[in-house]
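Undergrad: If you scroll down you'll find the structure; I have some questions about it.
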Amino acid sequence: MSTNWGFEFNSKYFLTENLTSFVNYTWFSRSEGEPGDLNFPQNKVRSGISYQSNKNLSGSFSYQWDQGYTSNVANFPGEIDAKSLFDITLGFKFNTELKLEVSATNLLNNEFRALPGLPKIGRTATARLLLDL
């Protein structure tokens with residue numbers, strides 16, 4: 001039987017017709033070191049701002065912080081460091097059918113591990129060309 005519980009707060013605010021901000025906060029009650037301990041930080045925060053115009057440009061910028069914690073997974077026990085990540089996405093719509101999106105996750109390349117012993121994760125950059133038929 002699990003006795004863990006938590007809550008999440010989400011807020012979205014429309015600064016203008018095209019500019020939106022958001023903030024999410026998650027708190028999770030976790031008893032460290034117990035068998036079956038869930039691998040989830042006790043505190044997580046994500047906030048950001050996005051721009052969506054009626055014309056051709058769009059974009060978003062966000063920040064994420066996850067508190068460090070102790071992993072109790074049998075194959076991957078150990079400490080998981082806190083992580084602080086910035087993400088950005090920029091989009092350009094050429095016409096109603098064709099759009100280009102470029103994004104970078106973990107923009108500042110703050111390397112982290114999802115679990116102890118797994119490879120480090122750094123910056124990921126992607127470009128997408130979307131064609132609406």
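Ordered as shown in the structure tokens, chains take letters A, B, and onward, while each chain numbers its residues from 1 and ligands are numbered from 1 in the order shown.
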Can you list every residue of stretch 29-83 of chain A that has an atom at most 9 Å from stretch 95-110 of chain A, with its nearest atom pair and the distance in Å to one decimal, using only C-alpha atoms, ordered by chain then number, as a Markdown table?
TA:
| residue | atom | partner | partner_atom | distance |
| --- | --- | --- | --- | --- |
| A:Asn56 | CA | A:Asn95 | CA | 7.9 |
| A:Ser58 | CA | A:Glu101 | CA | 8.8 |
| A:Gly59 | CA | A:Glu101 | CA | 8.8 |
| A:Lys83 | CA | A:Asn110 | CA | 7.6 |
Undergrad: Excluding A:Tyr69 and its own-chain neighbours fewer than 3 positions away, which residues fall within 8 Å of it when counting only C-alpha atoms? Please give them as a list in words.
TA: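 Selected residues are Phe40, Pro41, Gln42, Glu79, Ile80, Asp81 and Ala82 of chain A.
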Undergrad: Keeping C-alpha atoms, export the residues of the selection given above as an mmCIF file, in the first residue's frame.
TA:
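Contents of result.cif, freshly written:
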data_model
loop_
_atom_site.group_PDB
_atom_site.id
_atom_site.type_symbol
_atom_site.label_atom_id
_atom_site.label_comp_id
_atom_site.auth_asym_id
_atom_site.auth_seq_id
_atom_site.Cartn_x
_atom_site.Cartn_y
_atom_site.Cartn_z
ATOM 1 C CA PHE A 40 10.320 11.314 -8.621
ATOM 2 C CA PRO A 41 11.707 14.573 -7.229
ATOM 3 C CA GLN A 42 9.835 16.075 -4.316
ATOM 4 C CA GLU A 79 21.857 10.103 -6.150
ATOM 5 C CA ILE A 80 20.170 12.024 -8.932
ATOM 6 C CA ASP A 81 21.346 15.627 -9.135
ATOM 7 C CA ALA A 82 18.973 18.551 -9.435
#
Undergrad: Can you tell me which residues surround A:Lys120 at a distance of at most 10 Å, considering only C-alpha atoms, apart from same-chain residues fewer than 5 positions away, and format the answer as a list in words?
TA: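 Everything that qualifies: Asn110, Glu111, Phe112, Arg113, Ala114 and Leu115 of chain A.
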Undergrad: For the selection you just gave me, I'd like the residues written to a file as a JSON list (two decimals), in the first residue's frame, keeping C-alpha atoms.
TA:
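Wrote selection.json, looks like this:
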[["chain", "number", "residue", "atom", "x", "y", "z"],
["A", 110, "ASN", "CA", 23.53, 21.42, -18.45],
["A", 111, "GLU", "CA", 24.24, 17.69, -18.59],
["A", 112, "PHE", "CA", 22.22, 15.40, -16.31],
["A", 113, "ARG", "CA", 21.40, 11.72, -15.87],
["A", 114, "ALA", "CA", 17.85, 10.36, -15.78],
["A", 115, "LEU", "CA", 19.08, 7.58, -13.43]]
Undergrad: Would you compute the distance between atom CA of A:Gly48 and atom CA of A:Arg123? Give it in Å to one decimal.
TA: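 Separating atom CA of A:Gly48 from atom CA of A:Arg123 is a distance of 18.1 Å.
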Undergrad: Just to confirm, what's the straight-line distance from atom CA of A:Trp65 to atom CA of A:Arg46 in Å (one decimal)?
TA: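 Atom CA of A:Arg46 lies at a distance of 6.4 Å from atom CA of A:Trp65.
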Undergrad: Nearest to A:Asn72: which of A:Asn24, A:Asn4, A:Asn39, A:Ser29 is it, counting only C-alpha atoms?
TA: A:Asn39
